[in-house]
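Note: the block below is query03.cif and it holds mmCIF, C-alpha atoms.
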data_protein
loop_
_atom_site.label_atom_id
_atom_site.label_comp_id
_atom_site.auth_asym_id
_atom_site.auth_seq_id
_atom_site.Cartn_x
_atom_site.Cartn_y
_atom_site.Cartn_z
CA MET A 3 6.54 -50.77 -11.08
CA LEU A 4 4.85 -50.44 -7.68
CA ARG A 5 2.99 -47.33 -8.82
CA LEU A 6 1.69 -49.16 -11.91
CA ILE A 7 0.51 -52.15 -9.88
CA LEU A 8 -1.42 -49.91 -7.48
CA LYS A 9 -2.80 -47.78 -10.31
CA GLY A 10 -4.32 -50.94 -11.79
CA PHE A 11 -6.43 -51.33 -8.64
CA GLN A 12 -7.74 -47.75 -9.01
CA ILE A 13 -7.36 -46.99 -5.32
CA HIS A 14 -6.37 -43.74 -3.62
CA VAL A 15 -2.61 -43.73 -2.96
CA ASP A 16 -0.88 -41.33 -0.58
CA GLU A 17 2.54 -41.34 -2.22
CA ARG A 18 5.36 -39.73 -0.26
CA ASP A 19 8.55 -38.81 -2.08
CA VAL A 20 11.33 -39.08 0.51
CA TRP A 21 13.73 -37.14 -1.75
CA MET A 22 11.40 -34.15 -2.07
CA HIS A 23 10.87 -33.73 1.67
CA SER A 24 13.26 -34.82 4.42
CA LYS A 25 10.38 -35.13 6.91
CA PHE A 26 8.99 -38.01 4.85
CA ARG A 27 12.42 -39.71 4.89
CA GLN A 28 12.69 -39.16 8.66
CA GLU A 29 9.17 -40.54 9.21
CA LEU A 30 9.99 -43.71 7.23
CA THR A 31 13.25 -44.21 9.15
CA GLU A 32 11.44 -43.80 12.49
CA VAL A 33 8.65 -46.21 11.54
CA MET A 34 11.01 -48.86 10.18
CA GLY A 35 13.79 -48.37 12.75
CA ALA A 36 16.42 -47.94 10.02
CA ALA A 37 17.02 -46.15 6.74
CA LEU A 38 15.70 -48.36 3.94
CA SER A 39 15.57 -48.26 0.18
CA VAL A 40 12.31 -47.15 -1.39
CA PRO A 41 9.61 -47.74 -2.50
CA ARG A 42 7.87 -49.25 0.52
CA LEU A 43 4.16 -50.01 0.71
CA PHE A 44 1.98 -49.48 3.76
CA ILE A 45 -1.75 -50.20 3.75
CA LEU A 46 -3.67 -48.38 6.47
CA GLY A 47 -0.44 -47.98 8.44
CA ARG A 48 0.54 -51.66 8.16
CA TYR A 49 3.88 -52.38 6.46
CA ILE A 50 3.46 -54.68 3.44
CA GLY A 51 6.91 -54.68 1.87
CA GLY A 52 9.21 -53.34 -0.80
CA ALA A 53 8.72 -53.45 -4.58
CA GLU A 54 9.68 -57.12 -4.99
CA ASP A 55 7.45 -58.17 -2.09
CA VAL A 56 4.48 -56.28 -3.51
CA GLN A 57 5.02 -57.67 -7.00
CA LEU A 58 5.05 -61.22 -5.60
CA LEU A 59 1.89 -60.55 -3.56
CA HIS A 60 0.26 -59.19 -6.71
CA GLU A 61 1.24 -62.19 -8.81
CA GLU A 62 -0.10 -64.55 -6.12
CA GLY A 63 -3.43 -62.65 -5.92
CA ILE A 64 -2.89 -61.67 -2.29
CA LEU A 65 -2.42 -57.94 -2.89
CA GLY A 66 -5.91 -57.59 -4.35
CA LYS A 67 -7.39 -59.06 -1.19
CA LEU A 68 -5.42 -56.60 0.95
CA LEU A 69 -6.72 -53.69 -1.12
CA GLU A 70 -10.34 -54.72 -1.68
CA ASP A 71 -11.96 -52.53 1.01
CA LEU A 72 -9.99 -49.37 0.22
CA PRO A 73 -11.72 -46.35 -1.37
CA VAL A 74 -11.60 -46.08 -5.15
CA GLU A 75 -9.58 -43.23 -6.65
CA CYS A 76 -11.99 -40.89 -8.39
CA ARG A 77 -10.39 -37.47 -8.23
CA GLN A 78 -8.88 -35.43 -11.06
CA VAL A 79 -5.21 -34.47 -11.38
CA CYS A 80 -4.45 -31.52 -9.08
CA LYS A 81 -4.68 -28.23 -10.98
CA ILE A 82 -2.08 -26.56 -8.77
CA CYS A 83 0.76 -29.12 -8.57
CA ALA A 84 -0.18 -31.76 -11.19
CA ASP A 85 -0.08 -34.40 -8.40
CA VAL A 86 3.55 -33.69 -7.48
CA ARG A 87 2.20 -32.60 -4.05
CA PHE A 88 4.71 -29.74 -3.75
CA ILE A 89 4.97 -26.23 -5.15
CA PRO A 90 7.69 -23.57 -4.86
CA CYS A 91 7.45 -21.67 -1.60
CA THR A 92 5.20 -18.65 -1.96
CA LEU A 93 7.21 -16.64 0.60
CA CYS A 94 10.78 -17.08 -0.72
CA ARG A 95 9.86 -18.28 -4.22
CA GLY A 96 11.94 -21.43 -3.71
CA SER A 97 15.21 -19.76 -2.74
CA CYS A 98 14.99 -20.82 0.95
CA LYS A 99 16.07 -17.28 1.89
CA ILE A 100 14.19 -14.20 2.98
CA VAL A 101 15.43 -10.71 3.79
CA THR A 102 14.16 -9.28 7.06
CA SER A 103 13.04 -5.69 7.54
CA LEU A 104 16.56 -5.05 8.93
CA GLY A 105 18.12 -6.24 5.66
CA ILE A 106 19.39 -9.50 7.16
CA SER A 107 19.20 -12.65 5.04
CA GLU A 108 17.65 -15.60 6.90
CA ARG A 109 16.51 -19.14 6.16
CA CYS A 110 12.86 -19.21 5.12
CA SER A 111 10.76 -20.82 7.84
CA GLU A 112 7.90 -21.82 5.51
CA CYS A 113 9.59 -24.22 3.06
CA ASN A 114 11.55 -27.45 3.17
CA GLU A 115 15.21 -27.97 2.24
CA ASN A 116 14.32 -27.81 -1.48
CA GLY A 117 12.44 -24.50 -1.30
CA LEU A 118 9.09 -26.29 -1.59
CA ILE A 119 5.87 -26.30 0.38
CA MET A 120 3.09 -28.89 0.38
CA CYS A 121 0.42 -28.15 -2.20
CA PRO A 122 -2.45 -26.40 -0.38
CA LEU A 123 -5.03 -28.33 -2.40
CA CYS A 124 -3.46 -31.80 -1.92
CA ASP A 125 -2.25 -31.41 1.67
#
Show me, as structure tokens, the structure contained in the file I just sent.
Amino acid sequence: MLRLILKGFQIHVDERDVWMHSKFRQELTEVMGAALSVPRLFILGRYIGGAEDVQLLHEEGILGKLLEDLPVECRQVCKICADVRFIPCTLCRGSCKIVTSLGISERCSECNENGLIMCPLCD
């Protein structure tokens, strides 16, 4: 619902999936001081609210005023990740494991806990 509301304003949205990347979840917890349910909307670093809060602001016409000076979204869908913002790790191919020259299996240092890296075009 929140994504559809924002899409209607045709603005650039930096969406962060906290389940795809634990660093996003950690960042949200640090900013808010506690683990919270998602989605949460921030505009230029200022916390606006959760889905119900944003829907109410939209219905009251306040959200549009908060968004009116933001840049319009005009880019195409990413050709590498299709706007998912992540791709399988190019080093370990998503397995999270690499084998060293000594034949020892180690945790890949390039990817996150899901074997993904940020899309180089979207990052």
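Atom CA of Lys25 of chain A is found 25.7 Å from atom CA of Leu72 of chain A.
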Translate the PyMOL selection byres ((chain A and resi 70) around 12) into a concrete residue list for this structure, as a PyMOL selection string. chain A and resi 8+11-14+45+63-69+71-74
On this file, the PyMOL selection byres ((chain A and resi 97-102) around 9) gives some set of residues; write that set as a ChimeraX atom specification. /A:90-91,93-96,103-118
**Report entry** Exercise: Gly51 of chain A partners within 10 Å, all atoms listed in the file, chain neighbours under 5 positions left out, as a list in words
**Finding:** Val40, Pro41, Arg42, Leu43, Phe44, Ile45, Val56, Gln57 and Leu59 of chain A
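Taking all atoms listed in the file into account, Glu54 of chain A lies nearest to A:Ile7 out of the set A:Ile7, A:Cys80, A:Met22, A:Cys124.
From atom CA of Arg27 of chain A back to atom CA of Thr92 of chain A, the distance works out to 23.3 Å.
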Step by step, gather every atom of segment 21-24 of chain A that the file lists, find the box along x, y and z that holds them, add 3 Å on each side, and finally give centre and edge lengths in Å to one decimal, as JSON.
{"center_x": 12.3, "center_y": -35.4, "center_z": 1.2, "size_x": 8.9, "size_y": 9.4, "size_z": 12.5}
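Among the candidates A:Glu75, A:Glu61, A:Asp19, A:Glu29, the one nearest to Phe88 of chain A when counting all atoms listed in the file is A:Asp19.
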- Message: From the options A:Ile119, A:Gly35, A:Leu4, A:Arg87, which residue's atoms come nearest to Gly52 of chain A, counting all atoms listed in the file?
- Response: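 Under the stated criterion, the closest residue is A:Leu4.
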d(atom CA of Ala53 of chain A, atom CA of Val15 of chain A) in Å
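Value for the atom CA of Ala53 of chain A-atom CA of Val15 of chain A distance: 15.0 Å.
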> So which one's closest to Ala84 of chain A, A:Cys121, A:Glu17, A:Val33, A:Ser39? Using all atoms listed in the file, please.
Replying inline: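 Checking each of A:Cys121, A:Glu17, A:Val33, A:Ser39 against Ala84 of chain A, counting all atoms listed in the file, the winner is A:Cys121.
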Save segment 49-125 of chain A from what I just supplied, as a JSON list (two decimals), in the first residue's frame, atoms limited to C-alpha atoms.
[["chain", "number", "residue", "atom", "x", "y", "z"],
["A", 49, "TYR", "CA", 10.70, 9.96, 10.17],
["A", 50, "ILE", "CA", 7.11, 10.28, 8.90],
["A", 51, "GLY", "CA", 5.47, 7.10, 10.14],
["A", 52, "GLY", "CA", 4.30, 3.59, 9.38],
["A", 53, "ALA", "CA", 1.86, 2.47, 6.68],
["A", 54, "GLU", "CA", -1.29, 3.58, 8.53],
["A", 55, "ASP", "CA", 0.22, 6.97, 9.37],
["A", 56, "VAL", "CA", 1.23, 7.56, 5.76],
["A", 57, "GLN", "CA", -2.16, 6.49, 4.44],
["A", 58, "LEU", "CA", -3.88, 8.95, 6.79],
["A", 59, "LEU", "CA", -1.49, 11.75, 5.78],
["A", 60, "HIS", "CA", -2.24, 10.94, 2.14],
["A", 61, "GLU", "CA", -6.00, 10.98, 2.66],
["A", 62, "GLU", "CA", -5.75, 14.33, 4.46],
["A", 63, "GLY", "CA", -3.62, 15.85, 1.66],
["A", 64, "ILE", "CA", -0.62, 16.40, 3.94],
["A", 65, "LEU", "CA", 1.65, 13.80, 2.34],
["A", 66, "GLY", "CA", 1.59, 15.60, -1.01],
["A", 67, "LYS", "CA", 2.82, 18.76, 0.65],
["A", 68, "LEU", "CA", 5.68, 16.86, 2.31],
["A", 69, "LEU", "CA", 6.71, 15.40, -1.05],
["A", 70, "GLU", "CA", 6.24, 18.40, -3.34],
["A", 71, "ASP", "CA", 9.90, 19.51, -3.56],
["A", 72, "LEU", "CA", 11.36, 16.03, -4.07],
["A", 73, "PRO", "CA", 12.86, 15.04, -7.44],
["A", 74, "VAL", "CA", 10.58, 13.26, -9.90],
["A", 75, "GLU", "CA", 11.35, 9.63, -10.71],
["A", 76, "CYS", "CA", 12.38, 9.44, -14.34],
["A", 77, "ARG", "CA", 14.72, 6.49, -14.60],
["A", 78, "GLN", "CA", 14.11, 3.12, -16.26],
["A", 79, "VAL", "CA", 13.95, -0.23, -14.47],
["A", 80, "CYS", "CA", 17.48, -1.45, -13.70],
["A", 81, "LYS", "CA", 18.71, -3.82, -16.40],
["A", 82, "ILE", "CA", 20.92, -5.74, -13.97],
["A", 83, "CYS", "CA", 18.65, -6.37, -10.95],
["A", 84, "ALA", "CA", 15.16, -5.33, -12.17],
["A", 85, "ASP", "CA", 15.02, -2.84, -9.25],
["A", 86, "VAL", "CA", 15.49, -5.53, -6.59],
["A", 87, "ARG", "CA", 18.76, -3.73, -5.71],
["A", 88, "PHE", "CA", 20.62, -7.00, -5.04],
["A", 89, "ILE", "CA", 22.25, -9.65, -7.20],
["A", 90, "PRO", "CA", 23.91, -12.97, -6.33],
["A", 91, "CYS", "CA", 27.48, -12.49, -5.16],
["A", 92, "THR", "CA", 29.88, -12.61, -8.08],
["A", 93, "LEU", "CA", 32.66, -14.13, -5.95],
["A", 94, "CYS", "CA", 30.84, -17.06, -4.30],
["A", 95, "ARG", "CA", 27.83, -17.16, -6.65],
["A", 96, "GLY", "CA", 25.47, -16.80, -3.69],
["A", 97, "SER", "CA", 26.75, -19.71, -1.62],
["A", 98, "CYS", "CA", 28.40, -17.48, 1.04],
["A", 99, "LYS", "CA", 31.43, -19.80, 0.90],
["A", 100, "ILE", "CA", 34.75, -19.62, -0.88],
["A", 101, "VAL", "CA", 37.64, -22.09, -0.97],
["A", 102, "THR", "CA", 41.05, -20.59, -0.28],
["A", 103, "SER", "CA", 44.21, -21.50, -2.16],
["A", 104, "LEU", "CA", 44.95, -23.88, 0.76],
["A", 105, "GLY", "CA", 41.67, -25.72, 0.16],
["A", 106, "ILE", "CA", 40.00, -24.30, 3.28],
["A", 107, "SER", "CA", 36.33, -23.32, 3.08],
["A", 108, "GLU", "CA", 35.64, -19.83, 4.46],
["A", 109, "ARG", "CA", 32.76, -17.38, 4.68],
["A", 110, "CYS", "CA", 32.69, -15.08, 1.67],
["A", 111, "SER", "CA", 33.64, -11.55, 2.70],
["A", 112, "GLU", "CA", 31.91, -9.86, -0.25],
["A", 113, "CYS", "CA", 28.24, -10.80, 0.26],
["A", 114, "ASN", "CA", 25.57, -10.46, 2.91],
["A", 115, "GLU", "CA", 23.93, -13.27, 4.91],
["A", 116, "ASN", "CA", 21.78, -14.21, 1.88],
["A", 117, "GLY", "CA", 24.68, -14.53, -0.57],
["A", 118, "LEU", "CA", 23.78, -11.21, -2.21],
["A", 119, "ILE", "CA", 25.63, -8.02, -3.04],
["A", 120, "MET", "CA", 24.23, -4.58, -3.79],
["A", 121, "CYS", "CA", 23.57, -4.06, -7.48],
["A", 122, "PRO", "CA", 26.57, -2.15, -8.89],
["A", 123, "LEU", "CA", 24.28, -0.02, -11.08],
["A", 124, "CYS", "CA", 21.76, 0.89, -8.34],
["A", 125, "ASP", "CA", 24.16, 1.24, -5.41]]
